[in-house]
$ cat query-v4.tsv   # TSV, C-alpha atoms
chain	number	residue	atom	x	y	z
A	94	MET	CA	-20.97	13.24	-7.48
A	95	SER	CA	-23.17	14.31	-4.56
A	96	LYS	CA	-25.00	11.04	-3.85
A	97	PRO	CA	-23.44	8.47	-1.48
A	98	ILE	CA	-20.60	6.46	-3.02
A	99	LYS	CA	-21.50	2.77	-2.90
A	100	VAL	CA	-18.57	0.44	-2.50
A	101	ALA	CA	-17.82	-3.25	-2.93
A	102	LEU	CA	-14.90	-4.53	-0.86
A	103	ALA	CA	-13.07	-7.70	-1.92
A	104	GLY	CA	-11.08	-9.50	0.76
A	105	ALA	CA	-12.58	-9.80	4.22
A	106	GLY	CA	-9.25	-10.60	5.91
A	107	ALA	CA	-6.98	-8.52	8.16
A	108	PHE	CA	-6.53	-5.66	5.71
A	109	GLY	CA	-10.11	-5.59	4.44
A	110	ILE	CA	-11.24	-5.08	8.03
A	111	LYS	CA	-8.82	-2.11	8.38
A	112	HIS	CA	-10.55	-0.51	5.40
A	113	LEU	CA	-14.03	-1.21	6.81
A	114	ASP	CA	-13.00	0.45	10.10
A	115	GLY	CA	-11.64	3.47	8.23
A	116	ILE	CA	-14.71	3.85	5.99
A	117	LYS	CA	-16.98	3.97	9.06
A	118	ASN	CA	-15.50	7.44	9.73
A	119	ILE	CA	-16.10	8.79	6.20
A	120	ASP	CA	-19.38	10.53	5.41
A	121	GLY	CA	-21.24	9.77	2.21
A	122	VAL	CA	-19.72	6.33	1.64
A	123	GLU	CA	-21.50	3.01	2.08
A	124	VAL	CA	-20.09	-0.52	1.68
A	125	VAL	CA	-22.89	-2.45	-0.01
A	126	SER	CA	-21.12	-5.66	-1.04
A	127	LEU	CA	-18.44	-7.85	0.57
A	128	ILE	CA	-16.50	-10.49	-1.37
A	129	GLY	CA	-14.48	-13.21	0.35
A	130	ARG	CA	-12.99	-16.63	-0.25
A	131	GLU	CA	-15.15	-18.46	2.31
A	132	PHE	CA	-18.84	-17.51	2.35
A	133	ALA	CA	-19.53	-18.21	6.05
A	134	LYS	CA	-16.53	-16.20	7.31
A	135	THR	CA	-17.30	-13.36	4.87
A	136	LYS	CA	-20.95	-13.25	6.00
A	137	GLU	CA	-19.81	-13.04	9.62
A	138	VAL	CA	-17.78	-9.90	8.81
A	139	ALA	CA	-20.61	-8.48	6.65
A	140	ASP	CA	-23.12	-8.91	9.48
A	141	LYS	CA	-20.80	-7.14	11.91
A	142	TYR	CA	-20.48	-4.12	9.56
A	143	GLY	CA	-24.08	-4.12	8.31
A	144	ILE	CA	-23.23	-5.04	4.70
A	145	GLY	CA	-26.21	-6.48	2.83
A	146	HIS	CA	-24.66	-8.35	-0.11
A	147	VAL	CA	-22.16	-11.19	0.39
A	148	THR	CA	-20.51	-13.31	-2.31
A	149	THR	CA	-17.40	-15.35	-3.10
A	150	ASP	CA	-17.41	-14.10	-6.73
A	151	LEU	CA	-16.11	-10.61	-7.61
A	152	SER	CA	-17.99	-10.59	-10.94
A	153	GLU	CA	-21.29	-10.88	-9.03
A	154	SER	CA	-20.49	-7.62	-7.20
A	155	LEU	CA	-19.27	-5.93	-10.40
A	156	ALA	CA	-22.66	-6.73	-11.96
A	157	LEU	CA	-24.46	-4.71	-9.26
A	158	LYS	CA	-25.59	-1.44	-10.83
A	159	GLU	CA	-25.46	0.49	-7.56
A	160	VAL	CA	-21.74	-0.26	-7.01
A	161	ASP	CA	-19.68	2.83	-7.93
A	162	ALA	CA	-16.27	1.75	-6.66
A	163	VAL	CA	-14.32	-1.30	-5.53
A	164	ILE	CA	-11.54	-1.74	-2.95
A	165	LEU	CA	-9.39	-4.83	-3.53
A	166	CYS	CA	-7.69	-6.42	-0.48
A	167	THR	CA	-7.12	-9.76	-2.16
A	168	PRO	CA	-4.00	-11.93	-2.70
A	169	THR	CA	-1.15	-10.23	-4.60
A	170	GLN	CA	-1.40	-12.56	-7.59
A	171	MET	CA	-4.99	-11.41	-8.27
A	172	HIS	CA	-4.41	-7.66	-8.04
A	173	ALA	CA	-3.74	-6.74	-11.68
A	174	SER	CA	-6.42	-9.00	-13.22
A	175	GLN	CA	-9.06	-7.91	-10.69
A	176	THR	CA	-8.18	-4.22	-11.16
A	177	LEU	CA	-8.66	-4.69	-14.91
A	178	ALA	CA	-12.00	-6.44	-14.31
A	179	CYS	CA	-13.20	-3.50	-12.16
A	180	LEU	CA	-12.17	-0.89	-14.75
A	181	LYS	CA	-13.75	-2.86	-17.60
A	182	ALA	CA	-16.98	-3.08	-15.54
A	183	GLY	CA	-16.97	0.74	-15.28
A	184	LYS	CA	-16.07	0.86	-11.56
A	185	HIS	CA	-13.53	3.15	-9.87
A	186	VAL	CA	-10.96	0.99	-8.09
A	187	GLN	CA	-8.44	1.11	-5.27
A	188	VAL	CA	-6.16	-1.91	-5.12
A	189	GLU	CA	-4.02	-2.76	-2.14
A	190	ILE	CA	-0.27	-2.91	-2.59
A	191	PRO	CA	1.26	-4.28	-4.79
A	192	LEU	CA	-0.44	-3.28	-8.04
A	193	CYS	CA	1.13	-6.34	-9.71
A	194	ASP	CA	3.92	-8.87	-9.36
A	195	VAL	CA	4.62	-8.85	-13.13
A	196	TYR	CA	5.51	-5.42	-14.54
A	197	LYS	CA	3.74	-5.82	-17.90
A	198	ASP	CA	0.47	-6.47	-16.02
A	199	GLY	CA	0.87	-3.09	-14.31
A	200	GLN	CA	1.47	-1.45	-17.70
A	201	GLU	CA	-1.77	-2.99	-18.99
A	202	VAL	CA	-3.69	-1.63	-15.97
A	203	LEU	CA	-2.41	1.87	-16.75
A	204	ARG	CA	-3.42	1.52	-20.41
A	205	VAL	CA	-6.99	0.50	-19.49
A	206	GLN	CA	-7.24	3.19	-16.79
A	207	LYS	CA	-6.32	5.86	-19.35
A	208	GLU	CA	-8.84	4.38	-21.78
A	209	THR	CA	-11.70	4.43	-19.24
A	210	GLY	CA	-10.76	7.65	-17.40
A	211	LEU	CA	-11.89	6.05	-14.13
A	212	VAL	CA	-10.21	6.75	-10.78
A	213	ALA	CA	-7.69	4.00	-10.07
A	214	MET	CA	-5.19	4.13	-7.20
A	215	VAL	CA	-2.89	1.80	-5.31
A	216	GLY	CA	-2.73	1.52	-1.52
A	217	HIS	CA	0.73	3.00	-1.02
A	218	THR	CA	-0.24	3.86	2.56
A	219	ARG	CA	3.09	5.46	3.49
A	220	ARG	CA	2.18	8.47	1.30
A	221	PHE	CA	-0.79	9.01	3.62
A	222	ASN	CA	0.58	8.23	7.12
A	223	PRO	CA	0.63	11.54	9.09
A	224	SER	CA	4.29	10.91	10.03
A	225	HIS	CA	5.41	10.77	6.38
A	226	GLN	CA	3.05	13.61	5.40
A	227	TRP	CA	4.71	15.82	8.05
A	228	VAL	CA	8.13	15.13	6.49
A	229	ASN	CA	6.68	15.73	3.00
A	230	HIS	CA	5.35	19.16	4.06
A	231	LYS	CA	8.83	20.07	5.38
A	232	ILE	CA	10.40	19.03	2.05
A	233	LYS	CA	7.85	20.98	-0.01
A	234	ALA	CA	8.40	24.06	2.17
A	235	GLY	CA	12.14	23.87	1.38
A	236	GLU	CA	13.00	23.26	5.06
A	237	PHE	CA	14.37	19.71	4.72
A	238	ASN	CA	16.13	17.70	2.02
A	239	ILE	CA	16.73	13.96	2.24
A	240	GLN	CA	20.35	12.84	2.09
A	241	GLN	CA	19.61	9.22	3.00
A	242	MET	CA	16.67	7.08	4.03
A	243	ASP	CA	17.51	4.05	6.16
A	244	VAL	CA	14.58	1.61	6.32
A	245	GLN	CA	14.03	-1.69	8.11
A	246	THR	CA	11.04	-3.92	7.24
A	247	TYR	CA	11.01	-6.80	9.68
A	248	PHE	CA	8.62	-9.68	10.38
A	249	PHE	CA	8.84	-13.13	11.94
A	250	ARG	CA	7.14	-15.46	9.49
A	251	ARG	CA	8.00	-19.15	9.31
A	252	THR	CA	4.49	-20.23	8.26
A	253	ASN	CA	2.01	-18.71	5.84
A	254	MET	CA	-0.13	-16.64	8.24
A	255	ASN	CA	-1.73	-13.20	7.96
A	256	ALA	CA	-1.68	-10.33	10.48
A	257	LEU	CA	-4.59	-11.93	12.40
A	258	GLY	CA	-2.76	-15.26	12.71
A	259	GLN	CA	-4.99	-16.92	10.11
A	260	ALA	CA	-3.70	-19.22	7.36
A	261	ARG	CA	-3.14	-17.43	4.06
A	262	SER	CA	-4.20	-18.79	0.66
A	263	TRP	CA	-1.20	-17.07	-0.97
A	264	THR	CA	2.46	-16.33	-0.23
A	265	ASP	CA	3.67	-12.89	0.79
A	266	HIS	CA	6.79	-11.48	-0.91
A	267	LEU	CA	9.56	-9.20	0.38
A	268	LEU	CA	10.30	-7.63	-3.02
A	269	TRP	CA	6.91	-7.18	-4.71
A	270	HIS	CA	4.93	-6.41	-1.56
A	271	HIS	CA	7.06	-5.02	1.26
A	272	ALA	CA	9.84	-3.34	-0.73
A	273	ALA	CA	7.16	-1.64	-2.88
A	274	HIS	CA	6.20	0.60	0.06
A	275	THR	CA	9.73	1.97	0.47
A	276	VAL	CA	10.70	2.14	-3.21
A	277	ASP	CA	7.62	4.27	-3.91
A	278	LEU	CA	7.97	6.40	-0.76
A	279	PHE	CA	11.66	7.16	-1.40
A	280	ALA	CA	11.00	8.54	-4.91
A	281	TYR	CA	7.86	10.35	-3.70
A	282	GLN	CA	9.58	12.05	-0.76
A	283	CYS	CA	12.66	12.98	-2.81
A	284	GLY	CA	10.47	14.28	-5.64
A	285	SER	CA	13.06	12.64	-7.86
A	286	PRO	CA	13.03	9.38	-9.89
A	287	ILE	CA	15.14	6.36	-8.92
A	288	VAL	CA	18.09	6.03	-11.30
A	289	LYS	CA	20.05	3.22	-9.67
A	290	ALA	CA	18.93	0.11	-7.77
A	291	ASN	CA	20.79	-2.94	-6.44
A	292	ALA	CA	19.57	-5.97	-4.50
A	293	VAL	CA	20.90	-9.12	-2.84
A	294	GLN	CA	18.84	-11.84	-1.16
A	295	GLY	CA	19.38	-14.67	1.27
A	296	PRO	CA	18.51	-18.37	0.79
A	297	ILE	CA	15.11	-19.42	-0.60
A	298	HIS	CA	12.83	-20.98	2.05
A	299	PRO	CA	12.35	-24.72	1.29
A	300	THR	CA	8.54	-24.72	1.66
A	301	LEU	CA	7.47	-21.08	1.17
A	302	GLY	CA	9.63	-20.78	-1.96
A	303	ILE	CA	10.63	-17.16	-1.25
A	304	ALA	CA	13.73	-15.35	0.01
A	305	MET	CA	13.39	-14.65	3.73
A	306	ASP	CA	16.01	-11.87	3.77
A	307	MET	CA	16.80	-9.10	1.32
A	308	SER	CA	18.87	-5.94	1.07
A	309	ILE	CA	18.17	-3.13	-1.42
A	310	GLN	CA	20.11	0.04	-2.29
A	311	LEU	CA	18.51	2.91	-4.22
A	312	LYS	CA	19.74	6.21	-5.63
A	313	ALA	CA	17.51	9.08	-6.81
A	314	ALA	CA	18.36	11.44	-9.66
A	315	ASN	CA	18.86	14.27	-7.14
A	316	GLY	CA	21.62	12.30	-5.36
A	317	ALA	CA	19.67	11.04	-2.32
A	318	ILE	CA	20.24	7.39	-1.38
A	319	CYS	CA	18.17	4.73	0.38
A	320	THR	CA	19.23	1.58	2.22
A	321	LEU	CA	16.44	-0.96	2.79
A	322	SER	CA	16.77	-4.14	4.86
A	323	LEU	CA	13.91	-6.68	4.78
A	324	SER	CA	13.47	-9.91	6.74
A	325	PHE	CA	10.88	-12.55	7.57
A	326	ASN	CA	13.39	-14.00	10.09
A	327	ASN	CA	13.43	-11.15	12.62
A	328	ASP	CA	12.29	-12.29	16.07
A	329	GLY	CA	11.83	-8.85	17.58
A	330	PRO	CA	9.86	-5.65	17.03
A	331	LEU	CA	7.80	-6.18	13.87
A	332	GLY	CA	6.93	-3.64	11.20
A	333	THR	CA	8.74	-0.97	9.20
A	334	TYR	CA	10.92	1.77	10.66
A	335	PHE	CA	12.06	4.73	8.56
A	336	ARG	CA	15.02	6.97	9.37
A	337	TYR	CA	15.09	10.18	7.33
A	338	ILE	CA	18.60	11.65	7.41
A	339	GLY	CA	18.52	15.18	5.97
A	340	ASP	CA	20.41	18.44	5.73
A	341	THR	CA	18.54	20.06	8.65
A	342	GLY	CA	17.67	17.13	10.91
A	343	THR	CA	16.94	13.44	11.36
A	344	TYR	CA	13.44	11.99	11.73
A	345	LEU	CA	12.24	8.49	12.69
A	346	ALA	CA	8.86	7.41	11.34
A	347	ARG	CA	7.07	4.42	12.81
A	348	TYR	CA	3.74	4.06	11.01
A	349	ASP	CA	1.64	7.04	12.17
A	350	ASP	CA	4.16	8.23	14.81
A	351	LEU	CA	7.18	10.49	14.27
A	352	PHE	CA	10.26	11.24	16.39
A	353	THR	CA	13.41	13.32	16.05
A	354	GLY	CA	16.75	11.50	15.76
A	355	LYS	CA	17.06	11.98	19.53
A	356	GLU	CA	13.74	10.11	20.09
A	357	GLU	CA	11.74	13.26	20.94
A	358	LYS	CA	8.14	12.72	19.85
A	359	ILE	CA	6.74	15.11	17.23
A	360	ASP	CA	3.02	15.92	17.38
A	361	VAL	CA	1.52	14.95	14.00
A	362	SER	CA	-2.11	14.98	15.20
A	363	GLN	CA	-2.89	18.16	13.23
A	364	VAL	CA	-1.38	17.01	9.92
A	365	ALA	CA	-4.63	15.49	8.63
A	366	VAL	CA	-8.24	14.86	9.70
A	367	SER	CA	-7.28	11.43	11.06
A	368	MET	CA	-4.24	9.67	12.50
A	369	ASN	CA	-5.11	6.50	10.55
A	370	GLY	CA	-3.16	6.11	7.30
A	371	ILE	CA	-5.64	3.61	5.81
A	372	GLU	CA	-8.57	5.93	6.49
A	373	LEU	CA	-6.67	8.86	4.91
A	374	GLN	CA	-5.89	6.70	1.88
A	375	ASP	CA	-9.61	5.86	1.53
A	376	ARG	CA	-10.58	9.52	1.97
A	377	GLU	CA	-8.29	10.43	-0.95
A	378	PHE	CA	-9.86	7.72	-3.13
A	379	PHE	CA	-13.42	8.91	-2.49
A	380	ALA	CA	-12.47	12.60	-2.80
A	381	ALA	CA	-10.87	11.93	-6.21
A	382	ILE	CA	-14.08	10.19	-7.36
A	383	ARG	CA	-16.25	13.10	-6.18
A	384	GLU	CA	-13.95	15.73	-7.68
A	385	GLY	CA	-13.26	13.85	-10.92
A	386	ARG	CA	-9.48	14.11	-10.56
A	387	GLU	CA	-6.35	11.96	-10.41
A	388	PRO	CA	-5.74	10.69	-6.87
A	389	ASN	CA	-2.44	10.77	-5.00
A	390	SER	CA	-0.98	7.26	-5.53
A	391	SER	CA	-2.70	6.83	-8.90
A	392	ILE	CA	-1.62	4.00	-11.21
A	393	ALA	CA	0.39	6.47	-13.32
A	394	GLN	CA	2.21	7.88	-10.26
A	395	VAL	CA	3.21	4.52	-8.77
A	396	LEU	CA	4.05	2.55	-11.94
A	397	PRO	CA	7.74	3.70	-11.91
A	398	CYS	CA	8.07	1.89	-8.55
A	399	TYR	CA	7.05	-1.38	-10.24
A	400	GLN	CA	9.55	-0.80	-13.03
A	401	VAL	CA	12.27	-0.64	-10.33
A	402	LEU	CA	10.96	-3.84	-8.67
A	403	HIS	CA	10.94	-5.57	-12.06
A	404	ASP	CA	14.56	-4.51	-12.68
A	405	LEU	CA	15.57	-5.76	-9.22
A	406	GLU	CA	13.83	-9.09	-9.84
A	407	GLN	CA	15.84	-9.52	-13.07
A	408	GLN	CA	19.00	-8.69	-11.15
A	409	LEU	CA	18.22	-11.26	-8.42
A	410	ALA	CA	17.45	-13.91	-11.03

$ encode --input "query-v4.tsv" --output "structure tokens"
Amino acid sequence: MSKPIKVALAGAGAFGIKHLDGIKNIDGVEVVSLIGREFAKTKEVADKYGIGHVTTDLSESLALKEVDAVILCTPTQMHASQTLACLKAGKHVQVEIPLCDVYKDGQEVLRVQKETGLVAMVGHTRRFNPSHQWVNHKIKAGEFNIQQMDVQTYFFRRTNMNALGQARSWTDHLLWHHAAHTVDLFAYQCGSPIVKANAVQGPIHPTLGIAMDMSIQLKAANGAICTLSLSFNNDGPLGTYFRYIGDTGTYLARYDDLFTGKEEKIDVSQVAVSMNGIELQDREFFAAIREGREPNSSIAQVLPCYQVLHDLEQQLA
């Protein structure tokens, strides 16, 4: 595919804007349609990024012949059904994490993806962050093996707001959204499937209807373990912090930055063409479309993560 890839982006909120900023740096890709919940706000974003078509209806964008691919940055509960709609409309699709919040919906997405042969991937950004890529290269070179990953995912969220401080139309979830990043990354970095998983959660919030605290333990087939702590109650540094404890060293990953266990910074600027994990994720999506291949973080590759989340949900219930 040598002509420019024309993209529709659904979800003009905090994460959609991260994708628009990343795509600006990628040659041969043009966002031609923007879909949002509120027309006026969506048009404001579209005008800023020079996007000609604006709508509040995804099917309107899917009907546009020139659209080759869709990026979905919409509420969790819409992800599986919208991914299916994109595939059935003949469009390549990248859906933000999580692929689904019901496991059988994820299975159906994989079935339709196989049927259509289209490129379909999930935004498991940690696979693409330069910090985690650096560790992955070490593992693949046989220079480092994970003994334990210790991960903290912490936010302070008492009301339903997004990363820009705007009211959300949906409720975020520690298990299906935030734990998905670590569950997938642990198996990916170990190169070994998860064979054991346990979870406990704190009280359910009276108005948000979700657990605000959670603890998860994982074990991979190769013996590596992972301890994951998640909270919406943490009034302190926000985000996710990964400690890789291995046989030849300890590494601390904080988004796109990496440190040794003694807090010495590691230069990861040469790991990839960008330091921006979202941009690198988008580059992989468009490269897979051009090259007609399975992308890293394809539906097939990440579905085992959602099987684990499903099992943990049953356990918590």

$ atom_distance --input "query-v4.tsv" --atom1 "CA of Ala381 (chain A)" --atom2 "CA of Leu211 (chain A)"
9.9 Å

$ axis_aligned_box --input "query-v4.tsv" --around "region 374-388 of chain A" --padding-each-side "5 Å" --output "lines of an AutoDock Vina configuration file"
center_x = -11.0
center_y = 10.8
center_z = -4.5
size_x = 20.5
size_y = 19.9
size_z = 22.9

$ atom_distance --input "query-v4.tsv" --atom1 "CA of Lys158 (chain A)" --atom2 "CA of Pro191 (chain A)"
27.7 Å

$ residues_around --input "query-v4.tsv" --residues "region 386-401 of chain A" --least-positions-apart "6" --cutoff "7 Å" --atoms "all atoms listed in the file" --output "PDB file with C-alpha atoms, in the coordinates of the input"
ATOM      1  CA  TYR A 196       5.510  -5.420 -14.540  1.00  0.00           C
ATOM      2  CA  GLY A 199       0.870  -3.090 -14.310  1.00  0.00           C
ATOM      3  CA  LEU A 203      -2.410   1.870 -16.750  1.00  0.00           C
ATOM      4  CA  VAL A 212     -10.210   6.750 -10.780  1.00  0.00           C
ATOM      5  CA  ALA A 213      -7.690   4.000 -10.070  1.00  0.00           C
ATOM      6  CA  MET A 214      -5.190   4.130  -7.200  1.00  0.00           C
ATOM      7  CA  VAL A 215      -2.890   1.800  -5.310  1.00  0.00           C
ATOM      8  CA  HIS A 217       0.730   3.000  -1.020  1.00  0.00           C
ATOM      9  CA  ALA A 273       7.160  -1.640  -2.880  1.00  0.00           C
ATOM     10  CA  VAL A 276      10.700   2.140  -3.210  1.00  0.00           C
ATOM     11  CA  ASP A 277       7.620   4.270  -3.910  1.00  0.00           C
ATOM     12  CA  GLU A 377      -8.290  10.430  -0.950  1.00  0.00           C
ATOM     13  CA  PHE A 378      -9.860   7.720  -3.130  1.00  0.00           C
TER      14      PHE A 378
END

$ atom_distance --input "query-v4.tsv" --atom1 "CA of Ala133 (chain A)" --atom2 "CA of Asp114 (chain A)"
20.2 Å

$ residues_around --input "query-v4.tsv" --residues "Gly370 (chain A)" --least-positions-apart "6" --cutoff "10 Å" --atoms "all atoms listed in the file" --output "PyMOL selection string"
chain A and resi 115+216-226+348-349+376

$ write_last_selection --input "query-v4.tsv" --atoms "C-alpha atoms" --output "compact mmCIF listing (two decimals), in the frame of the given file"
# COMPACT_ATOMS: atom_id res chain seq x y z
CA GLY A 115 -11.64 3.47 8.23
CA GLY A 216 -2.73 1.52 -1.52
CA HIS A 217 0.73 3.00 -1.02
CA THR A 218 -0.24 3.86 2.56
CA ARG A 219 3.09 5.46 3.49
CA ARG A 220 2.18 8.47 1.30
CA PHE A 221 -0.79 9.01 3.62
CA ASN A 222 0.58 8.23 7.12
CA PRO A 223 0.63 11.54 9.09
CA SER A 224 4.29 10.91 10.03
CA HIS A 225 5.41 10.77 6.38
CA GLN A 226 3.05 13.61 5.40
CA TYR A 348 3.74 4.06 11.01
CA ASP A 349 1.64 7.04 12.17
CA ARG A 376 -10.58 9.52 1.97

$ residues_around --input "query-v4.tsv" --residues "region 238-252 of chain A" --least-positions-apart "5" --cutoff "7 Å" --atoms "all atoms listed in the file" --output "list in words"
Ile232, Cys283, Ala317, Ile318, Cys319, Thr320, Leu321, Ser322, Leu323, Ser324, Phe325, Asn326, Asn327, Asp328, Leu331, Gly332, Thr333, Tyr334, Phe335, Arg336, Tyr337, Ile338, Gly339 and Asp340 of chain A

$ write_last_selection --input "query-v4.tsv" --atoms "C-alpha atoms" --output "PDB file, in the frame of the given file"
ATOM      1  CA  ILE A 232      10.400  19.030   2.050  1.00  0.00           C
ATOM      2  CA  CYS A 283      12.660  12.980  -2.810  1.00  0.00           C
ATOM      3  CA  ALA A 317      19.670  11.040  -2.320  1.00  0.00           C
ATOM      4  CA  ILE A 318      20.240   7.390  -1.380  1.00  0.00           C
ATOM      5  CA  CYS A 319      18.170   4.730   0.380  1.00  0.00           C
ATOM      6  CA  THR A 320      19.230   1.580   2.220  1.00  0.00           C
ATOM      7  CA  LEU A 321      16.440  -0.960   2.790  1.00  0.00           C
ATOM      8  CA  SER A 322      16.770  -4.140   4.860  1.00  0.00           C
ATOM      9  CA  LEU A 323      13.910  -6.680   4.780  1.00  0.00           C
ATOM     10  CA  SER A 324      13.470  -9.910   6.740  1.00  0.00           C
ATOM     11  CA  PHE A 325      10.880 -12.550   7.570  1.00  0.00           C
ATOM     12  CA  ASN A 326      13.390 -14.000  10.090  1.00  0.00           C
ATOM     13  CA  ASN A 327      13.430 -11.150  12.620  1.00  0.00           C
ATOM     14  CA  ASP A 328      12.290 -12.290  16.070  1.00  0.00           C
ATOM     15  CA  LEU A 331       7.800  -6.180  13.870  1.00  0.00           C
ATOM     16  CA  GLY A 332       6.930  -3.640  11.200  1.00  0.00           C
ATOM     17  CA  THR A 333       8.740  -0.970   9.200  1.00  0.00           C
ATOM     18  CA  TYR A 334      10.920   1.770  10.660  1.00  0.00           C
ATOM     19  CA  PHE A 335      12.060   4.730   8.560  1.00  0.00           C
ATOM     20  CA  ARG A 336      15.020   6.970   9.370  1.00  0.00           C
ATOM     21  CA  TYR A 337      15.090  10.180   7.330  1.00  0.00           C
ATOM     22  CA  ILE A 338      18.600  11.650   7.410  1.00  0.00           C
ATOM     23  CA  GLY A 339      18.520  15.180   5.970  1.00  0.00           C
ATOM     24  CA  ASP A 340      20.410  18.440   5.730  1.00  0.00           C
TER      25      ASP A 340
END

$ residues_around --input "query-v4.tsv" --residues "Gly210 (chain A)" --least-positions-apart "3" --cutoff "10 Å" --atoms "all atoms listed in the file" --output "number ranges by chain"
A: 180, 183, 185, 205-207, 213, 385-387

$ residues_around --input "query-v4.tsv" --residues "region 102-111 of chain A" --least-positions-apart "5" --cutoff "10 Å" --atoms "all atoms listed in the file" --output "PyMOL selection string"
chain A and resi 116+124-131+134-139+142+147-151+154+162-168+175+186-189+255-259+261+369+371-372

$ closest_residue --input "query-v4.tsv" --among "A:Lys231, A:Glu406, A:Ala101, A:Val366" --to "Glu153 (chain A)" --atoms "all atoms listed in the file"
A:Ala101

$ closest_residue --input "query-v4.tsv" --among "A:Ser174, A:Tyr281, A:Asp161, A:Gly329" --to "Lys197 (chain A)" --atoms "only C-alpha atoms"
A:Ser174

$ closest_residue --input "query-v4.tsv" --among "A:Ala410, A:Ile190, A:Leu311, A:Met368" --to "Asp350 (chain A)" --atoms "all atoms listed in the file"
A:Met368

$ closest_residue --input "query-v4.tsv" --among "A:Lys184, A:His298, A:Lys312, A:Lys355" --to "Ser285 (chain A)" --atoms "all atoms listed in the file"
A:Lys312

$ closest_residue --input "query-v4.tsv" --among "A:Leu157, A:Val122, A:Glu356, A:Ser95" --to "Phe379 (chain A)" --atoms "all atoms listed in the file"
A:Val122
